[in-house]
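Structure file run-v9.txt; described as compact mmCIF, C-alpha atoms.
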```
# COMPACT_ATOMS: atom_id res chain seq x y z
CA MET A 1 86.16 88.23 90.02
CA THR A 2 84.76 89.13 86.67
CA ASP A 3 86.46 91.05 83.94
CA ASP A 4 83.69 93.66 84.13
CA VAL A 5 84.61 94.53 87.72
CA LYS A 6 88.29 94.79 86.84
CA ARG A 7 87.57 96.90 83.77
CA PHE A 8 85.31 99.22 85.81
CA PHE A 9 88.00 99.98 88.39
CA HIS A 10 90.76 100.32 85.77
CA ASN A 11 88.56 102.90 84.02
CA ILE A 12 87.99 104.82 87.26
CA ARG A 13 91.72 104.97 87.79
CA LYS A 14 92.20 106.40 84.29
CA ARG A 15 89.35 108.94 84.61
CA VAL A 16 90.19 110.43 88.01
CA ALA A 17 93.26 112.65 87.72
CA GLY A 18 95.83 111.95 90.42
CA LEU A 19 94.37 108.60 91.48
CA ASN A 20 97.28 106.21 92.01
CA CYS A 21 95.74 103.07 93.40
CA ILE A 22 92.44 101.36 94.27
CA ILE A 23 92.42 98.49 96.75
CA ILE A 24 89.43 96.28 97.54
CA THR A 25 89.72 94.33 100.79
CA ASP A 26 87.47 92.32 103.02
CA ARG A 27 86.58 93.76 106.43
CA ASP A 28 89.67 92.11 107.95
CA GLY A 29 91.98 93.97 105.58
CA VAL A 30 92.77 91.02 103.31
CA PRO A 31 93.37 92.43 99.80
CA LEU A 32 91.07 90.96 97.15
CA MET A 33 91.90 93.24 94.21
CA LYS A 34 94.44 95.99 93.53
CA PHE A 35 94.50 98.44 90.65
CA GLY A 36 97.43 100.75 90.04
CA ASP A 37 100.78 101.59 91.55
CA ASP A 38 101.00 100.67 95.23
CA LYS A 39 104.77 100.35 95.66
CA SER A 40 105.42 103.67 97.37
CA LEU A 41 102.50 103.62 99.80
CA GLY A 42 104.07 101.79 102.74
CA MET A 43 101.72 101.78 105.73
CA ILE A 44 98.54 102.02 103.66
CA MET A 45 99.27 98.63 102.14
CA LYS A 46 99.29 96.89 105.53
CA PRO A 47 96.09 95.09 106.61
CA SER A 48 96.12 96.96 109.93
CA PHE A 49 95.49 100.24 108.09
CA HIS A 50 92.36 98.82 106.47
CA THR A 51 90.99 97.22 109.65
CA THR A 52 91.22 100.60 111.39
CA PHE A 53 88.38 101.75 109.12
CA THR A 54 86.19 98.91 110.39
CA MET A 55 86.91 99.85 114.00
CA ALA A 56 86.23 103.55 113.37
CA THR A 57 82.94 102.67 111.68
CA GLU A 58 81.85 100.56 114.66
CA GLN A 59 82.73 103.38 117.07
CA SER A 60 80.73 105.94 115.09
CA ASN A 61 77.71 103.64 115.25
CA LYS A 62 78.01 103.67 119.06
CA LEU A 63 77.79 107.47 119.02
CA GLY A 64 74.37 107.25 117.43
CA LEU A 65 75.47 109.00 114.27
CA GLY A 66 74.32 106.22 111.97
CA ARG A 67 76.32 104.06 109.64
CA ASN A 68 79.60 105.57 108.50
CA ARG A 69 79.83 105.51 104.69
CA ASN A 70 83.22 107.06 103.96
CA ILE A 71 86.38 108.22 105.68
CA ILE A 72 88.63 110.75 103.98
CA SER A 73 92.21 111.16 105.23
CA VAL A 74 94.63 113.78 103.97
CA TYR A 75 98.36 113.25 104.49
CA THR A 76 101.49 115.00 103.29
CA GLY A 77 101.72 114.11 99.63
CA TYR A 78 98.59 111.97 99.25
CA GLN A 79 94.93 111.49 100.14
CA VAL A 80 92.99 108.36 101.06
CA VAL A 81 89.26 107.78 100.59
CA GLN A 82 87.82 104.64 102.17
CA MET A 83 84.30 103.51 101.26
CA ASN A 84 82.23 101.23 103.44
CA LYS A 85 80.75 98.57 101.16
CA LEU A 86 80.38 95.83 103.77
CA PRO A 87 81.54 93.14 103.70
CA LEU A 88 84.06 95.00 101.52
CA LEU A 89 86.18 98.09 101.96
CA VAL A 90 87.25 100.11 98.91
CA THR A 91 90.32 102.30 99.39
CA PHE A 92 91.33 104.99 96.90
CA ILE A 93 94.81 106.47 97.18
CA GLY A 94 95.64 109.61 95.25
CA THR A 95 98.00 112.52 95.11
CA GLU A 96 97.35 115.61 97.19
CA SER A 97 95.67 117.18 94.15
CA CYS A 98 93.39 114.19 93.42
CA ASN A 99 89.73 115.14 93.02
CA ILE A 100 88.00 113.48 96.00
CA GLY A 101 84.61 114.79 94.91
CA HIS A 102 84.91 112.84 91.67
CA ILE A 103 85.60 109.64 93.63
CA LEU A 104 82.67 110.22 96.00
CA ALA A 105 80.34 110.90 93.06
CA LEU A 106 80.97 107.32 91.86
CA ASP A 107 79.59 105.82 95.09
CA GLN A 108 76.35 104.36 93.66
CA GLN A 109 78.06 102.96 90.57
CA ILE A 110 80.68 101.27 92.76
CA GLU A 111 77.93 99.77 94.93
CA LEU A 112 76.27 98.17 91.89
CA VAL A 113 79.50 96.81 90.44
CA LEU A 114 80.55 95.25 93.76
CA ASP A 115 77.34 93.23 94.25
CA GLU A 116 78.86 90.17 92.57
CA VAL A 117 82.06 90.43 94.60
CA LYS A 118 80.08 90.76 97.85
CA VAL A 119 78.24 87.52 97.12
CA ALA A 120 81.53 85.73 96.48
CA VAL A 121 83.03 87.02 99.75
CA THR A 122 80.03 86.11 101.91
CA GLU A 123 79.86 82.59 100.45
CA THR A 124 83.46 81.77 101.37
```

Could the structure of this file be written out as structure tokens, please?
Amino acid sequence: MTDDVKRFFHNIRKRVAGLNCIIITDRDGVPLMKFGDDKSLGMIMKPSFHTTFTMATEQSNKLGLGRNRNIISVYTGYQVVQMNKLPLLVTFIGTESCNIGHILALDQQIELVLDEVKVAVTET
């Protein structure tokens, strides 16, 4: 993974107030990159949490609603935004006051930055 990709996600974490952690996984939930503090997040760090996104996306396709792009989950004390960047999944974990709109506004930039990572994942 290039330094540019790492720098990009470190900068996002600094710019978005309340954003604690960014995790990039493959569609099976295997972590490829982590940025930030993930020690207190328990269940979110387990691969099963990330694969649930893939299953939910497949189910929404069956409903005829089109491809699911994002899932936003709000819990007591934190929020989770998961972006569908197949074959990758990008998970943002923030405090309950984290600006989700700011994260969603970065969607196209994230897509461009991840192109190199996607190629690496599909070749292995």

>> Considering all atoms listed in the file, can you say which of A:Leu86, A:Leu65, A:Ile22, A:Val30 comes closest to Val119 (chain A)?
In response: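 The shortest atom-to-atom distance to Val119 (chain A) comes from A:Leu86.
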
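Interatomic distance, CA of Pro87 (chain A) to CA of Gly18 (chain A): 27.1 Å.
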
> By how many Å are CA of Ile71 (chain A) and CA of Gln59 (chain A) apart?
Replying inline: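 These two atoms are separated by 12.9 Å.
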
>> (102.4, 112.0, 103.9) in this file's frame - what residues fall within 10 Å of it? Use all atoms listed in the file and give the answer as number ranges by chain.
In response: A: 41, 74-79, 95-96

Could you turn the residues from that selection into a file that holds C-alpha atoms, as an mmCIF file, in the frame of the given file?
```cif
data_model
loop_
_atom_site.group_PDB
_atom_site.id
_atom_site.type_symbol
_atom_site.label_atom_id
_atom_site.label_comp_id
_atom_site.auth_asym_id
_atom_site.auth_seq_id
_atom_site.Cartn_x
_atom_site.Cartn_y
_atom_site.Cartn_z
ATOM 1 C CA LEU A 41 102.500 103.620 99.800
ATOM 2 C CA VAL A 74 94.630 113.780 103.970
ATOM 3 C CA TYR A 75 98.360 113.250 104.490
ATOM 4 C CA THR A 76 101.490 115.000 103.290
ATOM 5 C CA GLY A 77 101.720 114.110 99.630
ATOM 6 C CA TYR A 78 98.590 111.970 99.250
ATOM 7 C CA GLN A 79 94.930 111.490 100.140
ATOM 8 C CA THR A 95 98.000 112.520 95.110
ATOM 9 C CA GLU A 96 97.350 115.610 97.190
#
```

> Between A:Met83, A:Cys98, A:Thr52, A:Asp37, which one has atoms that come closest to Ile110 (chain A), using all atoms listed in the file?
Replying inline: A:Met83

> So which residues fall inside 9 Å of (87.8, 92.9, 102.5) if we count all atoms listed in the file? Mind giving them as a list in words?
Replying inline: Ile24, Thr25, Asp26, Arg27, Asp28, Gly29, Val30, Pro31, Leu32, His50, Thr51, Leu86, Pro87, Leu88, Leu89, Val90 and Val121 of chain A

Can you write just those residues out, C-alpha atoms, as a PDB file, in the frame of the given file?
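This is the output file again_18.pdb:
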```
ATOM      1  CA  ILE A  24      89.430  96.280  97.540  1.00  0.00           C
ATOM      2  CA  THR A  25      89.720  94.330 100.790  1.00  0.00           C
ATOM      3  CA  ASP A  26      87.470  92.320 103.020  1.00  0.00           C
ATOM      4  CA  ARG A  27      86.580  93.760 106.430  1.00  0.00           C
ATOM      5  CA  ASP A  28      89.670  92.110 107.950  1.00  0.00           C
ATOM      6  CA  GLY A  29      91.980  93.970 105.580  1.00  0.00           C
ATOM      7  CA  VAL A  30      92.770  91.020 103.310  1.00  0.00           C
ATOM      8  CA  PRO A  31      93.370  92.430  99.800  1.00  0.00           C
ATOM      9  CA  LEU A  32      91.070  90.960  97.150  1.00  0.00           C
ATOM     10  CA  HIS A  50      92.360  98.820 106.470  1.00  0.00           C
ATOM     11  CA  THR A  51      90.990  97.220 109.650  1.00  0.00           C
ATOM     12  CA  LEU A  86      80.380  95.830 103.770  1.00  0.00           C
ATOM     13  CA  PRO A  87      81.540  93.140 103.700  1.00  0.00           C
ATOM     14  CA  LEU A  88      84.060  95.000 101.520  1.00  0.00           C
ATOM     15  CA  LEU A  89      86.180  98.090 101.960  1.00  0.00           C
ATOM     16  CA  VAL A  90      87.250 100.110  98.910  1.00  0.00           C
ATOM     17  CA  VAL A 121      83.030  87.020  99.750  1.00  0.00           C
TER      18      VAL A 121
END
```

>> Between CA of Ile23 (chain A) and CA of Ile93 (chain A), what is the distance in Å, rounded to a tenth?
In response: 8.3 Å

> Counting all atoms listed in the file, which of A:Met33, A:Ile72, A:Val16, A:Val5 gets nearest to Ser97 (chain A)?
Replying inline: A:Val16

Name the residues in contact with Gln109 (chain A) at a cut-off of 12 Å, using only C-alpha atoms, excluding same-chain residues fewer than 6 positions from it; report them as a short mmCIF file (atom, residue, chain, number, x, y, z; two decimals) with C-alpha atoms, in the frame of the given file.
```
data_model
loop_
_atom_site.label_atom_id
_atom_site.label_comp_id
_atom_site.auth_asym_id
_atom_site.auth_seq_id
_atom_site.Cartn_x
_atom_site.Cartn_y
_atom_site.Cartn_z
CA VAL A 5 84.61 94.53 87.72
CA PHE A 8 85.31 99.22 85.81
CA PHE A 9 88.00 99.98 88.39
CA ILE A 12 87.99 104.82 87.26
CA LYS A 85 80.75 98.57 101.16
CA ILE A 103 85.60 109.64 93.63
CA ASP A 115 77.34 93.23 94.25
#
```

> Which of these, A:Asn68, A:Asn20, A:Asp3, A:Asn84, has the shortest distance to Gln108 (chain A) once you count only C-alpha atoms?
Replying inline: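 With only C-alpha atoms as the atom set, the closest residue is A:Asn84.
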
> Can you list, as a ChimeraX atom specification, every protein, DNA or RNA residue that comes within 8 Å of His10 (chain A) when you count all atoms listed in the file, leaving out same-chain residues fewer than 3 positions away?
Replying inline: /A:6-7,13-14,35-36
